file protein-v1.txt (compact mmCIF, C-alpha atoms)
# COMPACT_ATOMS: atom_id res chain seq x y z
CA MET A 74 120.40 116.58 75.37
CA ILE A 75 123.25 115.58 77.66
CA GLU A 76 123.31 111.84 78.30
CA ARG A 77 122.72 110.66 81.86
CA GLU A 78 122.19 114.16 83.25
CA PHE A 79 120.01 114.09 86.32
CA ARG A 80 118.95 116.38 89.13
CA PRO A 81 116.50 116.12 92.06
CA VAL A 82 113.26 117.90 91.14
CA THR A 83 113.25 119.67 94.49
CA ALA A 84 116.58 121.31 93.53
CA PHE A 85 114.88 123.49 90.88
CA LEU A 86 111.22 123.29 91.91
CA ASN A 87 109.66 124.22 95.22
CA ALA A 88 107.42 121.16 95.09
CA GLU A 89 105.58 121.80 98.34
CA GLN A 90 104.12 125.16 97.30
CA PRO A 91 102.67 124.00 93.92
CA ALA A 92 100.99 121.10 95.69
CA LYS A 93 99.32 123.53 98.11
CA GLU A 94 98.21 125.83 95.29
CA VAL A 95 96.81 122.98 93.21
CA ALA A 96 94.95 121.70 96.26
CA ALA A 97 93.47 125.18 96.67
CA ALA A 98 92.08 124.93 93.08
CA ASN A 99 94.68 127.31 91.64
CA GLY A 100 96.17 126.74 88.18
CA ALA A 101 98.89 124.11 88.09
CA GLY A 102 100.73 125.90 85.27
CA LEU A 103 100.95 129.17 87.17
CA ALA A 104 102.05 127.32 90.31
CA LEU A 105 104.91 125.72 88.39
CA LEU A 106 105.94 129.05 86.85
CA ARG A 107 106.11 130.75 90.25
CA ASN A 108 108.17 127.98 91.86
CA TYR A 109 110.52 126.95 89.01
CA ASP A 110 114.22 127.87 89.25
CA PRO A 111 115.94 127.48 85.83
CA VAL A 112 119.39 128.14 87.31
CA GLU A 113 119.31 124.96 89.37
CA ALA A 114 117.65 122.85 86.65
CA PRO A 115 119.65 120.54 84.33
CA SER A 116 121.33 122.46 81.52
CA THR A 117 119.01 121.15 78.78
CA PHE A 118 115.83 120.96 80.85
CA LYS A 119 113.51 123.81 79.87
CA LEU A 120 110.35 125.12 81.47
CA THR A 121 108.34 123.67 78.59
CA ASP A 122 109.77 120.25 79.47
CA LEU A 123 108.55 120.67 83.04
CA LEU A 124 105.06 121.70 81.92
CA GLN A 125 104.95 118.80 79.49
CA LYS A 126 105.94 116.31 82.20
CA PHE A 127 103.10 117.43 84.46
CA ASP A 128 100.64 117.57 81.58
CA LYS A 129 101.69 114.09 80.56
CA CYS A 130 100.97 112.89 84.08
CA PHE A 131 97.71 114.72 84.82
CA GLY A 132 96.35 115.25 81.29
CA ALA A 133 95.36 118.88 81.91
CA THR A 134 95.44 119.98 78.24
CA GLY A 135 93.99 116.80 76.79
CA ARG A 136 97.00 116.30 74.52
CA ASN A 137 97.58 112.71 73.46
CA TYR A 138 100.88 111.42 74.83
CA GLY A 139 99.97 107.77 74.31
CA LYS A 140 97.67 105.54 76.32
CA VAL A 141 98.76 103.87 79.55
CA THR A 142 95.65 101.72 79.98
CA GLY A 143 95.35 98.02 79.29
CA ASP A 144 94.38 98.60 75.64
CA ARG A 145 97.56 100.53 74.82
CA THR A 146 99.48 99.59 71.69
CA ILE A 147 103.13 99.61 70.66
CA ALA A 148 102.52 102.98 69.03
CA ASP A 149 101.32 104.39 72.37
CA ILE A 150 104.43 103.09 74.11
CA GLU A 151 106.75 104.54 71.48
CA LYS A 152 104.95 107.90 71.64
CA ARG A 153 105.42 108.14 75.40
CA ARG A 154 109.07 107.12 75.15
CA LYS A 155 109.89 109.93 72.73
CA ASP A 156 110.16 112.16 75.78
CA ASN A 157 113.84 112.78 76.47
CA TRP A 158 113.26 113.16 80.22
CA ASN A 159 111.99 110.68 82.77
CA PHE A 160 110.77 111.39 86.28
CA LEU A 161 111.67 108.78 88.89
CA PHE A 162 109.35 109.07 91.86
CA ILE A 163 110.60 107.48 95.09
CA ALA A 164 108.15 107.24 97.99
CA GLY A 165 109.21 106.23 101.47
CA MET A 166 106.68 104.60 103.76
CA TRP A 167 106.82 105.16 107.51
CA PHE A 168 106.96 101.60 108.78
CA GLN A 169 105.92 101.78 112.39
CA ASP A 170 107.40 99.64 115.15
CA LEU A 171 105.76 98.89 118.46
CA PHE A 172 107.97 101.33 120.34
CA ASN A 173 106.90 104.32 118.18
CA TYR A 174 103.50 103.23 116.88
CA ASP A 175 101.40 106.28 116.04
CA PHE A 176 97.66 105.63 115.66
CA ARG A 177 97.07 109.15 114.31
CA ARG A 178 99.64 108.51 111.55
CA THR A 179 97.95 105.18 110.78
CA GLU A 180 94.59 106.90 110.37
CA GLN A 181 96.15 109.25 107.79
CA CYS A 182 97.37 106.40 105.56
CA ILE A 183 95.93 106.83 102.06
CA ILE A 184 96.60 103.29 100.79
CA PRO A 185 93.74 100.91 101.63
CA TYR A 186 94.09 97.12 101.72
CA ALA A 187 91.02 95.02 100.98
CA THR A 188 91.00 91.95 103.23
CA GLN A 189 88.52 89.34 104.37
CA GLU A 190 88.08 91.37 107.54
CA GLY A 191 87.40 94.60 105.70
CA GLU A 192 89.50 97.56 104.58
CA ILE A 193 92.72 98.04 106.52
CA SER A 194 95.28 100.77 105.88
CA PHE A 195 98.68 99.85 104.47
CA CYS A 196 100.50 101.11 107.58
CA ALA A 197 98.33 99.09 109.93
CA TYR A 198 98.31 95.96 107.75
CA ASN A 199 102.05 95.62 107.18
CA THR A 200 103.51 97.09 110.36
CA GLY A 201 102.81 97.75 113.99
CA VAL A 202 100.93 94.94 115.71
CA GLY A 203 100.91 92.88 112.51
CA TRP A 204 97.40 92.75 111.07
CA ARG A 205 98.77 90.84 108.07
CA ASN A 206 99.77 87.88 110.24
CA ILE A 207 96.42 87.97 112.05
CA VAL A 208 94.28 88.07 108.90
CA GLU A 209 96.34 85.49 107.02
CA LYS A 210 96.21 83.03 109.91
CA MET A 211 92.47 83.56 110.34
CA HIS A 212 91.81 82.68 106.71
CA MET A 213 94.63 80.22 106.09
CA THR A 214 93.53 77.25 103.98
CA ALA A 215 96.26 74.88 105.16
CA THR A 216 99.73 74.91 106.64
CA LEU A 217 102.63 73.35 104.76
CA THR A 218 102.71 70.43 107.22
CA LYS A 219 98.98 69.85 106.77
CA TRP A 220 99.36 70.00 102.99
CA TYR A 221 102.09 67.36 103.08
CA GLU A 222 99.94 65.13 105.30
CA GLU A 223 96.97 65.29 102.93
CA ARG A 224 98.65 65.46 99.51
CA GLY A 225 102.18 64.23 100.12
CA ARG A 226 105.44 65.97 99.31
CA HIS A 227 106.12 67.00 95.75
CA GLU A 228 109.01 65.42 93.88
CA ILE A 229 112.34 67.19 94.34
CA PHE A 230 114.99 66.98 91.64
CA ALA A 231 118.32 67.54 93.32
CA GLY A 232 121.45 65.69 94.36
CA GLY A 233 122.24 64.28 90.92
CA LYS A 234 118.72 63.02 90.15
CA LYS A 235 117.79 63.13 86.49
CA VAL A 236 114.75 65.05 85.31
CA ASN A 237 112.54 63.25 82.79
CA LEU A 238 112.23 65.46 79.70
CA ASN A 239 110.28 64.88 76.49
CA SER A 240 113.23 66.14 74.45
CA THR A 241 116.77 67.25 75.14
CA GLU A 242 117.09 69.32 71.95
CA HIS A 243 117.75 73.04 72.40
CA SER A 244 118.98 76.11 70.54
CA LEU A 245 121.41 77.20 73.22
CA LYS A 246 124.91 77.92 71.93
CA LEU A 247 127.64 77.28 74.46
CA ASN A 248 130.96 79.09 74.59
CA ALA A 249 133.54 76.37 74.01
CA GLU A 250 136.20 78.30 75.94
CA ALA A 251 133.91 78.70 78.94
CA VAL A 252 132.88 75.05 78.82
CA ALA A 253 136.51 73.90 78.70
CA ALA A 254 137.49 76.16 81.59
CA GLY A 255 137.77 74.57 84.98
CA ILE A 256 135.56 75.22 87.95
CA GLN A 257 136.12 78.63 89.48
CA HIS A 258 137.88 78.14 92.80
CA ASP A 259 139.67 81.43 93.39
CA LEU A 260 137.06 82.56 95.92
CA ASP A 261 137.31 79.22 97.73
CA ASP A 262 141.10 79.58 97.91
CA GLN A 263 140.74 83.00 99.52
CA GLY A 264 138.01 81.84 101.88
CA ILE A 265 135.37 84.15 100.40
CA ALA A 266 131.76 83.03 100.53
CA LYS A 267 130.03 82.94 97.14
CA THR A 268 126.44 82.95 98.34
CA ALA A 269 124.40 84.36 101.21
CA ARG A 270 123.89 80.82 102.49
CA GLU A 271 127.66 80.25 102.72
CA GLU A 272 128.05 83.54 104.59
CA LYS A 273 125.38 82.49 107.06
CA ILE A 274 127.00 79.05 107.55
CA ARG A 275 130.44 80.56 108.12
CA LYS A 276 129.07 83.10 110.57
CA ARG A 277 127.30 80.29 112.43
CA ASP A 278 130.46 78.18 112.53
CA LEU A 279 132.54 81.11 113.85
CA THR A 280 129.94 81.78 116.52
CA LEU A 281 129.89 78.11 117.56
CA ALA A 282 133.71 77.98 117.60
CA ALA A 283 133.92 81.08 119.80
CA LYS A 284 131.25 79.67 122.12
CA LYS A 285 133.08 76.32 122.37
CA ALA A 286 136.40 78.07 123.12
CA ALA A 287 134.75 80.05 125.91
CA GLU A 288 133.19 76.88 127.34
CA ASP A 289 136.55 75.06 127.19
CA ALA A 290 138.27 77.93 129.01
CA GLN A 291 135.58 77.91 131.69
CA MET A 292 135.84 74.12 132.16
CA SER A 293 139.65 74.35 132.35
CA LYS A 294 139.36 77.02 135.03
CA LEU A 295 136.90 74.93 137.06
CA TYR A 296 139.15 71.86 136.75
CA ARG A 297 142.17 73.75 138.13
CA GLU A 298 140.16 75.23 140.98
CA VAL A 299 138.08 72.17 141.98
CA VAL A 300 140.27 69.18 141.08
CA LEU A 301 143.81 70.57 141.28
CA LYS A 302 142.90 72.91 144.16
CA GLU A 303 144.73 75.81 142.52
CA LYS A 304 143.87 79.20 143.88
CA PRO A 305 143.26 81.85 141.22
CA ALA A 306 145.59 84.84 141.39
CA GLU A 307 143.87 87.86 142.87
CA GLY A 308 143.48 90.60 140.33
CA GLY A 309 145.72 88.70 137.92
CA PHE A 310 148.89 89.76 139.89
CA VAL A 311 151.61 87.15 140.45
CA PRO A 312 154.59 88.09 142.70
CA LEU A 313 157.98 87.64 141.08
CA GLY A 314 159.12 85.63 144.05
CA ALA A 315 156.45 83.04 143.35
CA LEU A 316 157.95 82.22 139.95
CA GLY A 317 160.13 79.11 139.92
CA GLY A 318 159.32 78.24 143.51
CA ILE A 319 161.86 80.77 144.91
CA GLN A 320 160.65 82.62 147.99
CA PRO A 321 161.63 86.28 148.62
CA ALA A 322 163.55 85.38 151.81
CA VAL A 323 165.68 82.80 149.98
CA LYS A 324 166.47 85.28 147.21
CA LYS A 325 167.46 87.92 149.79
CA GLU A 326 169.88 85.49 151.58
CA ALA A 327 171.48 84.49 148.27
CA ALA A 328 172.05 88.14 147.35
CA LYS A 329 173.71 88.77 150.76
CA GLU A 330 176.14 85.85 150.30
CA ALA A 331 177.06 87.12 146.83
CA ARG A 332 177.95 90.55 148.21
CA GLU A 333 180.15 89.07 150.96
CA GLU A 334 181.99 86.91 148.41
CA VAL A 335 182.69 89.90 146.14
CA ALA A 336 184.00 91.87 149.14
CA SER A 337 186.49 89.09 150.03
CA PHE A 338 187.98 89.18 146.52
CA GLY A 339 188.40 92.97 146.83
CA ASP A 340 190.75 92.56 149.82
call {"tool": "encode", "arguments": {"input": "protein-v1.txt", "output": "structure tokens"}}
result
Amino acid sequence: MIEREFRPVTAFLNAEQPAKEVAAANGAGLALLRNYDPVEAPSTFKLTDLLQKFDKCFGATGRNYGKVTGDRTIADIEKRRKDNWNFLFIAGMWFQDLFNYDFRRTEQCIIPYATQEGEISFCAYNTGVGWRNIVEKMHMTATLTKWYEERGRHEIFAGGKKVNLNSTEHSLKLNAEAVAAGIQHDLDDQGIAKTAREEKIRKRDLTLAAKKAAEDAQMSKLYREVVLKEKPAEGGFVPLGALGGIQPAVKKEAAKEAREEVASFGD
């Protein structure tokens, strides 16, 4: 066996066709044989391994692979784990939003939820219009606020408060080097958040700072327009002549005098 070798089952098995044949009461073994592609299978995965995996799951031959019920023993667990191959089944649920809610798809859900209001499908209970919230609120025993009013808040040990213990003895062995090491602060020096809470706080602070800067800019603009009576430049264009208080006519007269003076030196 090659360690860590893996391959999607659908790469070497046409999984859809065997499912149809089994549903039509055809033999599962023959369905696997017709739809198995050994070329695309892992190098050490044989057809017998495939048949054994399905037999282990469905118990078609009655062979004992070890119990999986509540009365299983360590021997049962070890017997099942002797199999060199494991199948990892990943199922994706179609969580439905309000904008694409499909009642026909909800009716086809095969996972029932037993609630105080009766049996509700998984898709309808956890998504869509939110039956979970409706049922839970209908049968809620008490809100957290109500619980605190009737029973009081529980004691919280935080902020340097000591916890009363019957004994402080323990078998934990501490690494002397790690204990003597200082507090890790490299992430703090680089401004990197260490927890999701810190990330959320920093994002909030950046948002508030940007909002405050925008408000300050708006107030500064209003102050110049209303109090100082400054007229905003149209389209953001400022004539060069307006810089330094020099008007275009004055600049033109100065340029004319400079030309006349240069001409007199040329004579």
call {"tool": "atom_distance", "arguments": {"input": "protein-v1.txt", "atom1": "CA of Leu260 in chain A", "atom2": "CA of Asp278 in chain A"}}
result
18.4 Å
call {"tool": "closest_residue", "arguments": {"input": "protein-v1.txt", "among": "A:Lys140, A:Glu222, A:Gly191, A:Glu250", "to": "Val208 in chain A", "atoms": "all atoms listed in the file"}}
result
A:Gly191
call {"tool": "residues_around", "arguments": {"input": "protein-v1.txt", "residues": "Arg205 in chain A", "least_positions_apart": "4", "cutoff": "12 Å", "atoms": "all atoms listed in the file", "output": "CSV table (one decimal) with C-alpha atoms, keeping the file's coordinate frame"}}
result
chain,number,residue,atom,x,y,z
A,186,TYR,CA,94.1,97.1,101.7
A,187,ALA,CA,91.0,95.0,101.0
A,188,THR,CA,91.0,92.0,103.2
A,189,GLN,CA,88.5,89.3,104.4
A,190,GLU,CA,88.1,91.4,107.5
A,192,GLU,CA,89.5,97.6,104.6
A,193,ILE,CA,92.7,98.0,106.5
A,194,SER,CA,95.3,100.8,105.9
A,195,PHE,CA,98.7,99.8,104.5
A,196,CYS,CA,100.5,101.1,107.6
A,197,ALA,CA,98.3,99.1,109.9
A,198,TYR,CA,98.3,96.0,107.8
A,199,ASN,CA,102.0,95.6,107.2
A,200,THR,CA,103.5,97.1,110.4
A,201,GLY,CA,102.8,97.8,114.0
A,209,GLU,CA,96.3,85.5,107.0
A,210,LYS,CA,96.2,83.0,109.9
A,211,MET,CA,92.5,83.6,110.3
A,212,HIS,CA,91.8,82.7,106.7
A,213,MET,CA,94.6,80.2,106.1
call {"tool": "atom_distance", "arguments": {"input": "protein-v1.txt", "atom1": "CA of Ile207 in chain A", "atom2": "CA of Asn173 in chain A"}}
result
20.4 Å
call {"tool": "atom_distance", "arguments": {"input": "protein-v1.txt", "atom1": "CA of Asn237 in chain A", "atom2": "CA of Leu217 in chain A"}}
result
26.1 Å
call {"tool": "axis_aligned_box", "arguments": {"input": "protein-v1.txt", "around": "range 240-246 of chain A", "padding_each_side": "3 Å", "output": "AutoDock Vina command-line options"}}
result
--center_x 119.1 --center_y 72.0 --center_z 72.8 --size_x 17.7 --size_y 17.8 --size_z 10.6
call {"tool": "residues_near_point", "arguments": {"input": "protein-v1.txt", "point": "(107.4, 128.6, 86.4)", "cutoff": "12 Å", "atoms": "only C-alpha atoms", "output": "number ranges by chain"}}
result
A: 85-88, 90-91, 100-111, 114, 119-124
call {"tool": "residues_around", "arguments": {"input": "protein-v1.txt", "residues": "range 147-163 of chain A", "least_positions_apart": "3", "cutoff": "12 Å", "atoms": "only C-alpha atoms", "output": "PyMOL selection string"}}
result
chain A and resi 74-83+115+117-119+121-127+129-130+136-144+166
